[in-house]
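Engineer: One structure, pasted below without further comment.
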Amino acid sequence: MGLLELLDQDRLEELEHFLSERFAQNMEFFSHTSPRLFEALKQPPQDYNLLCNHKGINIINLHNSSLTYPEMESKYVMAEVHQEIAVSPLNNPRWNLKGNEIELVPIDEKKLPITGAGVNKMIENLQYLGGKPHYHLGTNFFPSTAVYGLLGGLFLELLRERGAFFHSLFIFEENIDLFRISCYFVHYPALFDQVGPKALYLFVKEIIDPKILRHYFAARKISSNFMLLELQMYQSQKLDAARELLNQEFLSNKRGWGSFEDEMIGIANSLKNNQYKVLSYPKRINAPVCVIGNGPSLDSLLPFIKKMQDRMIIFSCGTALKVLKNYGIQPDFQIEIERIDYLKDVLCDAPLGDTTLLCGNMVNPSALALAKEGYIFLRGGSSSSYMFESSVIECAAPFVGNAGAALAMQMGSEVLLCGIDCGYIEGMSKHAQGSYYGDEGVDLPPNVHPVRANSNRAVYADSIFLLSRQNLETAIMLFKPKMVLNLGWGAFIQGSRSVSVDDFDLAKINKEKLLDEMKSYMKPALMKKINLAHVREYLNSIKMLLQRGIREKKELFMLIDEASALLASTSAKNPHLGILFEGSIAHLLQSLFLSILHLPHNQISTLYAQNIEIIMWTFDKMFFSYKVLLSLQEYR
């Protein structure tokens with residue numbers, strides 16, 4: 001007999017026996033799977049305990065004897081409340097469903113001719129086979145789900161008994177007594193079997209580990225980009241913090257993935273730019289490096305930068321150049337990473353003048369040609385960077401400010417961040433005044449999230465700004481400069497110190513000698529050999545995985561996750577190969593994923609087979625395009 005039946009039939013003795021057995025089952029399970037949790041659960045309750053009597057079940061506060069759930073008509077309403085919560089979570093107002101605004105929309109084939117053609121053909125197939133505007137996941141199947149606080153967890157067991165299967169499940173419970181109470185109801189060994197492989201996360205007492213969340217979304221960046229189903233059973237600072245952090249990671253995962261076409265532009269540019277010397281295994285100089293981005297807080301820092309420009313090495317990042325030059329500041333290096341054709345026009349507008357240009361290897365050659373003195377560095381995260389023998393600068397994305405900061409953290413003893421705001425500052429424009437972007441409004445864009453500020457101003461971030469901040473924090477931990485000072489008004493950056501320009505001074509330096517030392521790290525570029533057979537083998541391995549087939553939508557999630565893991569592992573082992581194809585394959589897999597979920601039934605074999613044929617055709621087009629590019633550039 002199930003738990004719901006016992007609750008409905010008011011059989012107290014049998015219910016007590018059932019709860020006692022369930023608790024014993026869970027304790028046996030946790031004794032093997034989580035000894036630390038097992039030991040904590042063995043301790044006597046301190047704050048809350050389960051109450052079970054002729055009135056039903058409830059949670060009692062041991063400090064003041066108050067009850068969590070009220071009593072109505074001589075019955076506790078706990079069971080009734082949890083039964084209500086367990087009804088149709090995807091359409092239940094007690095639950096919050098976010099992220100389902102992701103749409104399957106056509107891609108401009110003029111910009112992405114290969115990727116766009118593949119995605120658009122899948123959309124045509126879906127329309128032909130009767131796709132609907134709303135998603136249909138299938139009976140009792142749920143996307144990524146987060147529960148903040150259990151308050152008994154009975155609803156979770158009711159869902160499990162009805163056959164619920166979660167793609168992934170996060171459970172946050174700050175109080176060990178409240179989690180212990182859930183062990184009387186939830187059959188945790190069975191629950192683990194009703195969640196995707198290694199995708200049930202329990203955070204008890206120590207509420208959350210950001211690294212675990214980041215790894216989860218990175219490993220399942222396609223399927224977890226789709227929906228997030230949330231339930232918060234009670235309010236607390238810890239649970240609110242857990243929810244905010246999970247939502248930030250969910251939002252960060254919705255960033256752009258790049259494309260094969262963009263990476264091909266980077267490769268073509270890199271093959272032309274290999275005539276320039278490349279920054280190779282730089283050493284740290286004994287001087288501060290000031291990294292200047294075009295965030296709005298730059299305006300207030302210009303007097304300080306001008307006053308101290310002879311006491312620090314100045315890295316101007318992207319469109320900050322015009323603002324600096326208009327103020328009479330001469331940067332030592334102008335940092336650029338964009339592949340865009342009009343970068344040359346931006347530099348002419350500044351103008352670049354005598355400033356030394358230090359560019360990512362993938363920039364348009366016409367921009368590099370402007371420089372009286374130009375060098376390249378290998379920007380991590382770009383396929384073309386791993387075609388060289390020299391060292392790659394990691395954490396140099398997504399913005400040019402990230403590249404400047406990563407360079408500075410490897411080359412300077414201290415790093416000063418100016419205008420690297422990583423967000424929208426309330427009441428201010430997105431960029432500094434007088435920059436290339438001209439006059440801008442101050443309205444906040446949609447889909448932004450409040451983040452911790454570096455000052456007393458309100459700051460908001462979207463997915464790309466969150467990624468930028470994450471990469472800055474990772475760079476600080478990875479490169480370990482002596483000190484990172486954040487002088488801006490934007491987002492707080494973990495590992496940096498928030499300071500005012502009035503709080504410190506800089507010592508005099510021999511700037512000319514230090515610049516010569518930095519330029520001595522530039523060496524002739526050496527290219528690696530590319531084996532096209534390895535490229536073909538990689539694409540074939542994904543084809544074989546997808547051709548294995550699926551029978552229902554639940555299996556689709558698992559297959560997409562397996563493919564995502566293959567993409568990620570390849571990019572880690574062979575970055576040139578993996579990154580080259582990863583973005584477009586992710587777009588294709590997401591289109592495969594979303595198109596099937598738009599079917600209002602579980603008869604998915606026809607659409608799946610047709611879409612797999614499209615993906616095979618797209619792979620062949622990409623391979624041929626890559627092969628032709630290498631041959632045209634006479635690359636051997």
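The way I read the labels, and the way they are meant: chains A, B, ... in the order of the structure tokens, residue 1 as the first residue of every chain, and ligand 1 as the first ligand shown, with later ones counted on from there.
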Which residues are close to Val289 of chain A, i.e. within 9 Å by only C-alpha atoms, leaving aside same-chain residues fewer than 6 positions away? Reply as a VMD selection string.
Structural biologist: chain A and resid 312 to 315 405 408 to 409 411 to 417
Engineer: Please identify all polymer residues within 12 Å of segment 201-208 of chain A, counting only C-alpha atoms, omitting same-chain residues fewer than 4 positions from it, and present them as a PyMOL selection string.
Structural biologist: chain A and resi 30+33-34+36-38+40-41+144-150+166-180+182+188+191-192+195-197+212-214+216+236-246
Engineer: How far is it from atom CA of Leu3 of chain A to atom CA of Ile59 of chain A, in Å with one decimal?
Structural biologist: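 Going from atom CA of Leu3 of chain A over to atom CA of Ile59 of chain A, I get 17.1 Å.
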Engineer: Smallest atom-to-atom distance to His82 of chain A: which of A:Leu154, A:Val442, A:Leu4, A:Leu577, using only C-alpha atoms?
Structural biologist: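 Going through A:Leu154, A:Val442, A:Leu4, A:Leu577 one by one, the smallest distance to His82 of chain A is for A:Leu154.
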Engineer: Do you know which residues are at most 12 Å from segment 113-116 of chain A counting only C-alpha atoms, after dropping those on the same chain fewer than 2 positions away, and could you put them as a PDB file with N, CA, C and O atoms, in the first residue's frame?
Structural biologist:
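Below is the file around08.pdb, written as the result:
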ATOM      1  N   LEU A 104      12.170  27.834 -31.275  1.00  0.00           N
ATOM      2  CA  LEU A 104      12.820  27.263 -32.445  1.00  0.00           C
ATOM      3  C   LEU A 104      12.545  28.201 -33.609  1.00  0.00           C
ATOM      4  O   LEU A 104      11.457  28.184 -34.192  1.00  0.00           O
ATOM      5  N   VAL A 105      13.500  29.061 -33.910  1.00  0.00           N
ATOM      6  CA  VAL A 105      13.301  30.096 -34.923  1.00  0.00           C
ATOM      7  C   VAL A 105      14.339  29.946 -36.027  1.00  0.00           C
ATOM      8  O   VAL A 105      15.459  29.471 -35.788  1.00  0.00           O
ATOM      9  N   PRO A 106      13.980  30.349 -37.250  1.00  0.00           N
ATOM     10  CA  PRO A 106      14.933  30.237 -38.358  1.00  0.00           C
ATOM     11  C   PRO A 106      16.194  31.058 -38.130  1.00  0.00           C
ATOM     12  O   PRO A 106      16.178  32.083 -37.448  1.00  0.00           O
ATOM     13  N   ILE A 107      17.293  30.601 -38.700  1.00  0.00           N
ATOM     14  CA  ILE A 107      18.578  31.295 -38.633  1.00  0.00           C
ATOM     15  C   ILE A 107      18.850  31.940 -39.989  1.00  0.00           C
ATOM     16  O   ILE A 107      18.520  31.382 -41.040  1.00  0.00           O
ATOM     17  N   ASP A 108      19.420  33.118 -39.970  1.00  0.00           N
ATOM     18  CA  ASP A 108      19.761  33.834 -41.203  1.00  0.00           C
ATOM     19  C   ASP A 108      20.855  33.057 -41.943  1.00  0.00           C
ATOM     20  O   ASP A 108      22.008  33.007 -41.491  1.00  0.00           O
ATOM     21  N   GLU A 109      20.513  32.473 -43.059  1.00  0.00           N
ATOM     22  CA  GLU A 109      21.472  31.649 -43.801  1.00  0.00           C
ATOM     23  C   GLU A 109      22.541  32.480 -44.511  1.00  0.00           C
ATOM     24  O   GLU A 109      23.560  31.934 -44.937  1.00  0.00           O
ATOM     25  N   LYS A 110      22.316  33.795 -44.619  1.00  0.00           N
ATOM     26  CA  LYS A 110      23.370  34.634 -45.188  1.00  0.00           C
ATOM     27  C   LYS A 110      24.535  34.752 -44.201  1.00  0.00           C
ATOM     28  O   LYS A 110      25.694  34.837 -44.612  1.00  0.00           O
ATOM     29  N   LYS A 111      24.217  34.771 -42.913  1.00  0.00           N
ATOM     30  CA  LYS A 111      25.262  34.877 -41.895  1.00  0.00           C
ATOM     31  C   LYS A 111      25.852  33.511 -41.557  1.00  0.00           C
ATOM     32  O   LYS A 111      27.062  33.386 -41.363  1.00  0.00           O
ATOM     33  N   GLY A 118      20.884  23.820 -41.914  1.00  0.00           N
ATOM     34  CA  GLY A 118      20.512  22.633 -41.154  1.00  0.00           C
ATOM     35  C   GLY A 118      19.378  22.894 -40.186  1.00  0.00           C
ATOM     36  O   GLY A 118      18.405  22.136 -40.122  1.00  0.00           O
ATOM     37  N   VAL A 119      19.483  23.989 -39.421  1.00  0.00           N
ATOM     38  CA  VAL A 119      18.427  24.332 -38.459  1.00  0.00           C
ATOM     39  C   VAL A 119      17.110  24.599 -39.168  1.00  0.00           C
ATOM     40  O   VAL A 119      16.043  24.120 -38.752  1.00  0.00           O
ATOM     41  N   ASN A 120      17.152  25.339 -40.247  1.00  0.00           N
ATOM     42  CA  ASN A 120      15.925  25.715 -40.950  1.00  0.00           C
ATOM     43  C   ASN A 120      15.224  24.511 -41.577  1.00  0.00           C
ATOM     44  O   ASN A 120      13.990  24.467 -41.641  1.00  0.00           O
ATOM     45  N   LYS A 121      15.990  23.536 -42.046  1.00  0.00           N
ATOM     46  CA  LYS A 121      15.367  22.326 -42.586  1.00  0.00           C
ATOM     47  C   LYS A 121      14.632  21.554 -41.488  1.00  0.00           C
ATOM     48  O   LYS A 121      13.574  20.952 -41.732  1.00  0.00           O
ATOM     49  N   MET A 122      15.181  21.554 -40.269  1.00  0.00           N
ATOM     50  CA  MET A 122      14.488  20.884 -39.160  1.00  0.00           C
ATOM     51  C   MET A 122      13.171  21.581 -38.840  1.00  0.00           C
ATOM     52  O   MET A 122      12.167  20.918 -38.531  1.00  0.00           O
ATOM     53  N   ILE A 123      13.162  22.883 -38.901  1.00  0.00           N
ATOM     54  CA  ILE A 123      11.932  23.635 -38.642  1.00  0.00           C
ATOM     55  C   ILE A 123      10.883  23.302 -39.697  1.00  0.00           C
ATOM     56  O   ILE A 123       9.696  23.120 -39.386  1.00  0.00           O
ATOM     57  N   GLY A 258      28.461  30.355 -30.216  1.00  0.00           N
ATOM     58  CA  GLY A 258      29.341  30.470 -31.363  1.00  0.00           C
ATOM     59  C   GLY A 258      28.861  29.590 -32.503  1.00  0.00           C
ATOM     60  O   GLY A 258      27.803  28.971 -32.438  1.00  0.00           O
ATOM     61  N   SER A 259      29.648  29.543 -33.564  1.00  0.00           N
ATOM     62  CA  SER A 259      29.250  28.751 -34.732  1.00  0.00           C
ATOM     63  C   SER A 259      30.484  28.325 -35.515  1.00  0.00           C
ATOM     64  O   SER A 259      31.562  28.927 -35.403  1.00  0.00           O
ATOM     65  N   PHE A 260      30.307  27.297 -36.309  1.00  0.00           N
ATOM     66  CA  PHE A 260      31.360  26.817 -37.201  1.00  0.00           C
ATOM     67  C   PHE A 260      31.788  27.934 -38.150  1.00  0.00           C
ATOM     68  O   PHE A 260      32.990  28.128 -38.392  1.00  0.00           O
ATOM     69  N   GLU A 261      30.823  28.679 -38.658  1.00  0.00           N
ATOM     70  CA  GLU A 261      31.136  29.748 -39.611  1.00  0.00           C
ATOM     71  C   GLU A 261      32.025  30.821 -38.985  1.00  0.00           C
ATOM     72  O   GLU A 261      32.997  31.286 -39.610  1.00  0.00           O
ATOM     73  N   ASP A 262      31.714  31.217 -37.727  1.00  0.00           N
ATOM     74  CA  ASP A 262      32.546  32.222 -37.056  1.00  0.00           C
ATOM     75  C   ASP A 262      33.951  31.689 -36.795  1.00  0.00           C
ATOM     76  O   ASP A 262      34.944  32.418 -36.940  1.00  0.00           O
ATOM     77  N   MET A 264      35.490  29.512 -38.545  1.00  0.00           N
ATOM     78  CA  MET A 264      36.184  29.457 -39.836  1.00  0.00           C
ATOM     79  C   MET A 264      36.759  30.820 -40.221  1.00  0.00           C
ATOM     80  O   MET A 264      37.845  30.917 -40.800  1.00  0.00           O
ATOM     81  N   PHE A 581      33.816  22.876 -34.121  1.00  0.00           N
ATOM     82  CA  PHE A 581      32.489  22.337 -34.448  1.00  0.00           C
ATOM     83  C   PHE A 581      31.477  22.469 -33.311  1.00  0.00           C
ATOM     84  O   PHE A 581      30.272  22.324 -33.548  1.00  0.00           O
ATOM     85  N   GLU A 582      31.937  22.716 -32.093  1.00  0.00           N
ATOM     86  CA  GLU A 582      31.065  22.609 -30.927  1.00  0.00           C
ATOM     87  C   GLU A 582      29.849  23.531 -31.001  1.00  0.00           C
ATOM     88  O   GLU A 582      28.723  23.117 -30.715  1.00  0.00           O
ATOM     89  N   GLY A 583      30.041  24.799 -31.384  1.00  0.00           N
ATOM     90  CA  GLY A 583      28.934  25.741 -31.400  1.00  0.00           C
ATOM     91  C   GLY A 583      27.831  25.339 -32.364  1.00  0.00           C
ATOM     92  O   GLY A 583      26.645  25.298 -32.001  1.00  0.00           O
ATOM     93  N   SER A 584      28.195  25.016 -33.586  1.00  0.00           N
ATOM     94  CA  SER A 584      27.185  24.649 -34.580  1.00  0.00           C
ATOM     95  C   SER A 584      26.532  23.310 -34.258  1.00  0.00           C
ATOM     96  O   SER A 584      25.320  23.142 -34.453  1.00  0.00           O
ATOM     97  N   ILE A 585      27.321  22.354 -33.753  1.00  0.00           N
ATOM     98  CA  ILE A 585      26.710  21.077 -33.367  1.00  0.00           C
ATOM     99  C   ILE A 585      25.720  21.299 -32.227  1.00  0.00           C
ATOM    100  O   ILE A 585      24.643  20.698 -32.204  1.00  0.00           O
ATOM    101  N   ALA A 586      26.060  22.186 -31.295  1.00  0.00           N
ATOM    102  CA  ALA A 586      25.125  22.499 -30.209  1.00  0.00           C
ATOM    103  C   ALA A 586      23.839  23.106 -30.753  1.00  0.00           C
ATOM    104  O   ALA A 586      22.736  22.778 -30.299  1.00  0.00           O
ATOM    105  N   HIS A 587      23.953  24.008 -31.731  1.00  0.00           N
ATOM    106  CA  HIS A 587      22.758  24.591 -32.363  1.00  0.00           C
ATOM    107  C   HIS A 587      21.914  23.506 -33.036  1.00  0.00           C
ATOM    108  O   HIS A 587      20.678  23.504 -32.938  1.00  0.00           O
ATOM    109  N   LEU A 588      22.581  22.596 -33.724  1.00  0.00           N
ATOM    110  CA  LEU A 588      21.857  21.517 -34.406  1.00  0.00           C
ATOM    111  C   LEU A 588      21.172  20.590 -33.403  1.00  0.00           C
ATOM    112  O   LEU A 588      20.013  20.198 -33.588  1.00  0.00           O
ATOM    113  N   LEU A 589      21.886  20.244 -32.322  1.00  0.00           N
ATOM    114  CA  LEU A 589      21.305  19.372 -31.312  1.00  0.00           C
ATOM    115  C   LEU A 589      20.135  20.043 -30.600  1.00  0.00           C
ATOM    116  O   LEU A 589      19.133  19.394 -30.287  1.00  0.00           O
ATOM    117  N   GLN A 590      20.272  21.338 -30.328  1.00  0.00           N
ATOM    118  CA  GLN A 590      19.155  22.042 -29.690  1.00  0.00           C
ATOM    119  C   GLN A 590      17.946  22.080 -30.622  1.00  0.00           C
ATOM    120  O   GLN A 590      16.800  21.928 -30.175  1.00  0.00           O
ATOM    121  N   SER A 591      18.174  22.261 -31.898  1.00  0.00           N
ATOM    122  CA  SER A 591      17.063  22.281 -32.852  1.00  0.00           C
ATOM    123  C   SER A 591      16.419  20.898 -32.958  1.00  0.00           C
ATOM    124  O   SER A 591      15.192  20.779 -33.042  1.00  0.00           O
ATOM    125  N   ILE A 614      19.458  15.315 -41.706  1.00  0.00           N
ATOM    126  CA  ILE A 614      19.875  16.713 -41.900  1.00  0.00           C
ATOM    127  C   ILE A 614      21.201  16.980 -41.195  1.00  0.00           C
ATOM    128  O   ILE A 614      22.099  17.639 -41.743  1.00  0.00           O
ATOM    129  N   ILE A 615      21.341  16.476 -39.984  1.00  0.00           N
ATOM    130  CA  ILE A 615      22.581  16.684 -39.237  1.00  0.00           C
ATOM    131  C   ILE A 615      23.754  16.012 -39.950  1.00  0.00           C
ATOM    132  O   ILE A 615      24.846  16.601 -40.056  1.00  0.00           O
ATOM    133  N   MET A 616      23.553  14.808 -40.492  1.00  0.00           N
ATOM    134  CA  MET A 616      24.615  14.129 -41.237  1.00  0.00           C
ATOM    135  C   MET A 616      25.053  14.966 -42.447  1.00  0.00           C
ATOM    136  O   MET A 616      26.243  15.116 -42.731  1.00  0.00           O
ATOM    137  N   TRP A 617      24.051  15.476 -43.146  1.00  0.00           N
ATOM    138  CA  TRP A 617      24.326  16.306 -44.326  1.00  0.00           C
ATOM    139  C   TRP A 617      25.103  17.563 -43.924  1.00  0.00           C
ATOM    140  O   TRP A 617      26.058  17.967 -44.612  1.00  0.00           O
ATOM    141  N   THR A 618      24.731  18.166 -42.789  1.00  0.00           N
ATOM    142  CA  THR A 618      25.404  19.380 -42.326  1.00  0.00           C
ATOM    143  C   THR A 618      26.843  19.076 -41.937  1.00  0.00           C
ATOM    144  O   THR A 618      27.754  19.871 -42.223  1.00  0.00           O
ATOM    145  N   PHE A 619      27.078  17.948 -41.287  1.00  0.00           N
ATOM    146  CA  PHE A 619      28.443  17.558 -40.931  1.00  0.00           C
ATOM    147  C   PHE A 619      29.319  17.449 -42.183  1.00  0.00           C
ATOM    148  O   PHE A 619      30.470  17.896 -42.190  1.00  0.00           O
ATOM    149  N   ASP A 620      28.788  16.828 -43.212  1.00  0.00           N
ATOM    150  CA  ASP A 620      29.560  16.677 -44.451  1.00  0.00           C
ATOM    151  C   ASP A 620      29.897  18.034 -45.058  1.00  0.00           C
ATOM    152  O   ASP A 620      31.007  18.247 -45.556  1.00  0.00           O
ATOM    153  N   LYS A 621      28.929  18.964 -45.005  1.00  0.00           N
ATOM    154  CA  LYS A 621      29.178  20.316 -45.535  1.00  0.00           C
ATOM    155  C   LYS A 621      30.278  21.019 -44.746  1.00  0.00           C
ATOM    156  O   LYS A 621      31.149  21.687 -45.321  1.00  0.00           O
ATOM    157  N   MET A 622      30.245  20.874 -43.425  1.00  0.00           N
ATOM    158  CA  MET A 622      31.261  21.524 -42.595  1.00  0.00           C
ATOM    159  C   MET A 622      32.644  20.937 -42.869  1.00  0.00           C
ATOM    160  O   MET A 622      33.629  21.679 -43.003  1.00  0.00           O
ATOM    161  N   PHE A 623      32.723  19.626 -42.957  1.00  0.00           N
ATOM    162  CA  PHE A 623      34.020  18.989 -43.209  1.00  0.00           C
ATOM    163  C   PHE A 623      34.598  19.440 -44.544  1.00  0.00           C
ATOM    164  O   PHE A 623      35.788  19.783 -44.636  1.00  0.00           O
ATOM    165  N   PHE A 624      33.763  19.454 -45.575  1.00  0.00           N
ATOM    166  CA  PHE A 624      34.234  19.861 -46.897  1.00  0.00           C
ATOM    167  C   PHE A 624      34.695  21.321 -46.883  1.00  0.00           C
ATOM    168  O   PHE A 624      35.734  21.660 -47.455  1.00  0.00           O
ATOM    169  N   SER A 625      33.935  22.198 -46.214  1.00  0.00           N
ATOM    170  CA  SER A 625      34.293  23.614 -46.139  1.00  0.00           C
ATOM    171  C   SER A 625      35.642  23.801 -45.441  1.00  0.00           C
ATOM    172  O   SER A 625      36.482  24.597 -45.872  1.00  0.00           O
ATOM    173  N   TYR A 626      35.845  23.074 -44.356  1.00  0.00           N
ATOM    174  CA  TYR A 626      37.103  23.160 -43.604  1.00  0.00           C
ATOM    175  C   TYR A 626      38.277  22.667 -44.459  1.00  0.00           C
ATOM    176  O   TYR A 626      39.340  23.300 -44.519  1.00  0.00           O
TER     177      TYR A 626
END
Engineer: Could you list, as a PyMOL selection string, every residue within 10 Å of Tyr436 of chain A, counting only C-alpha atoms and ignoring same-chain residues fewer than 3 positions away?
Structural biologist: chain A and resi 294+318-323+346-347+349-350+431-433+439
Engineer: With N, CA and C atoms retained, write the just-selected residues as a short mmCIF file (atom, residue, chain, number, x, y, z; two decimals), in the first residue's frame.
Structural biologist:
data_model
loop_
_atom_site.label_atom_id
_atom_site.label_comp_id
_atom_site.auth_asym_id
_atom_site.auth_seq_id
_atom_site.Cartn_x
_atom_site.Cartn_y
_atom_site.Cartn_z
N ASN A 294 35.32 49.80 -21.50
CA ASN A 294 34.47 50.94 -21.90
C ASN A 294 33.17 50.97 -21.11
N GLY A 318 39.37 47.47 -26.59
CA GLY A 318 38.28 47.75 -27.51
C GLY A 318 37.97 49.23 -27.63
N THR A 319 36.69 49.56 -27.50
CA THR A 319 36.23 50.92 -27.76
C THR A 319 36.54 51.91 -26.64
N ALA A 320 37.26 51.49 -25.61
CA ALA A 320 37.74 52.45 -24.60
C ALA A 320 38.78 53.39 -25.20
N LEU A 321 39.39 52.98 -26.30
CA LEU A 321 40.50 53.74 -26.89
C LEU A 321 40.11 55.17 -27.21
N LYS A 322 38.96 55.38 -27.83
CA LYS A 322 38.55 56.73 -28.21
C LYS A 322 38.34 57.60 -26.99
N VAL A 323 37.74 57.05 -25.95
CA VAL A 323 37.51 57.81 -24.72
C VAL A 323 38.83 58.24 -24.11
N VAL A 346 36.66 51.23 -36.62
CA VAL A 346 36.63 51.62 -35.21
C VAL A 346 38.00 52.17 -34.79
N LEU A 347 39.06 51.51 -35.23
CA LEU A 347 40.40 51.96 -34.86
C LEU A 347 40.78 53.26 -35.56
N ASP A 349 38.63 55.54 -36.25
CA ASP A 349 37.81 56.57 -35.60
C ASP A 349 38.44 57.03 -34.30
N ALA A 350 39.22 56.16 -33.62
CA ALA A 350 39.71 56.48 -32.28
C ALA A 350 40.63 57.72 -32.22
N HIS A 431 27.89 52.12 -21.90
CA HIS A 431 29.30 52.43 -22.16
C HIS A 431 29.65 53.83 -21.65
N ALA A 432 30.95 54.12 -21.61
CA ALA A 432 31.42 55.44 -21.20
C ALA A 432 30.98 56.50 -22.21
N GLN A 433 30.96 57.73 -21.76
CA GLN A 433 30.54 58.84 -22.61
C GLN A 433 31.60 59.12 -23.69
N ASP A 439 25.58 58.39 -28.14
CA ASP A 439 24.63 58.56 -27.03
C ASP A 439 23.79 57.29 -26.85
#
Engineer: May I have the residues within 8 Å of Ala397 of chain A as a PyMOL selection string, using only C-alpha atoms and disregarding those fewer than 3 positions away in the same chain?
Structural biologist: chain A and resi 379-381+400+402-403+468+471
Engineer: Could the residues in this selection be saved with N, CA and C atoms as a compact mmCIF listing (two decimals), in the first residue's frame?
Structural biologist:
# COMPACT_ATOMS: atom_id res chain seq x y z
N ARG A 379 44.14 33.76 -28.22
CA ARG A 379 43.01 33.93 -27.31
C ARG A 379 42.32 32.59 -27.07
N GLY A 380 42.31 32.15 -25.83
CA GLY A 380 41.66 30.90 -25.47
C GLY A 380 40.18 30.91 -25.82
N GLY A 381 39.65 29.74 -26.13
CA GLY A 381 38.24 29.62 -26.47
C GLY A 381 37.95 29.78 -27.94
N VAL A 400 36.42 41.86 -24.79
CA VAL A 400 37.80 42.26 -24.94
C VAL A 400 38.39 42.65 -23.58
N ASN A 402 37.89 41.05 -20.85
CA ASN A 402 38.37 39.79 -20.28
C ASN A 402 39.74 39.44 -20.83
N ALA A 403 39.92 39.67 -22.14
CA ALA A 403 41.23 39.39 -22.74
C ALA A 403 42.30 40.29 -22.14
N SER A 468 31.25 36.90 -18.24
CA SER A 468 32.43 37.76 -18.16
C SER A 468 32.97 37.82 -16.73
N ASN A 471 34.59 34.49 -15.70
CA ASN A 471 35.91 34.29 -16.29
C ASN A 471 36.97 35.18 -15.65
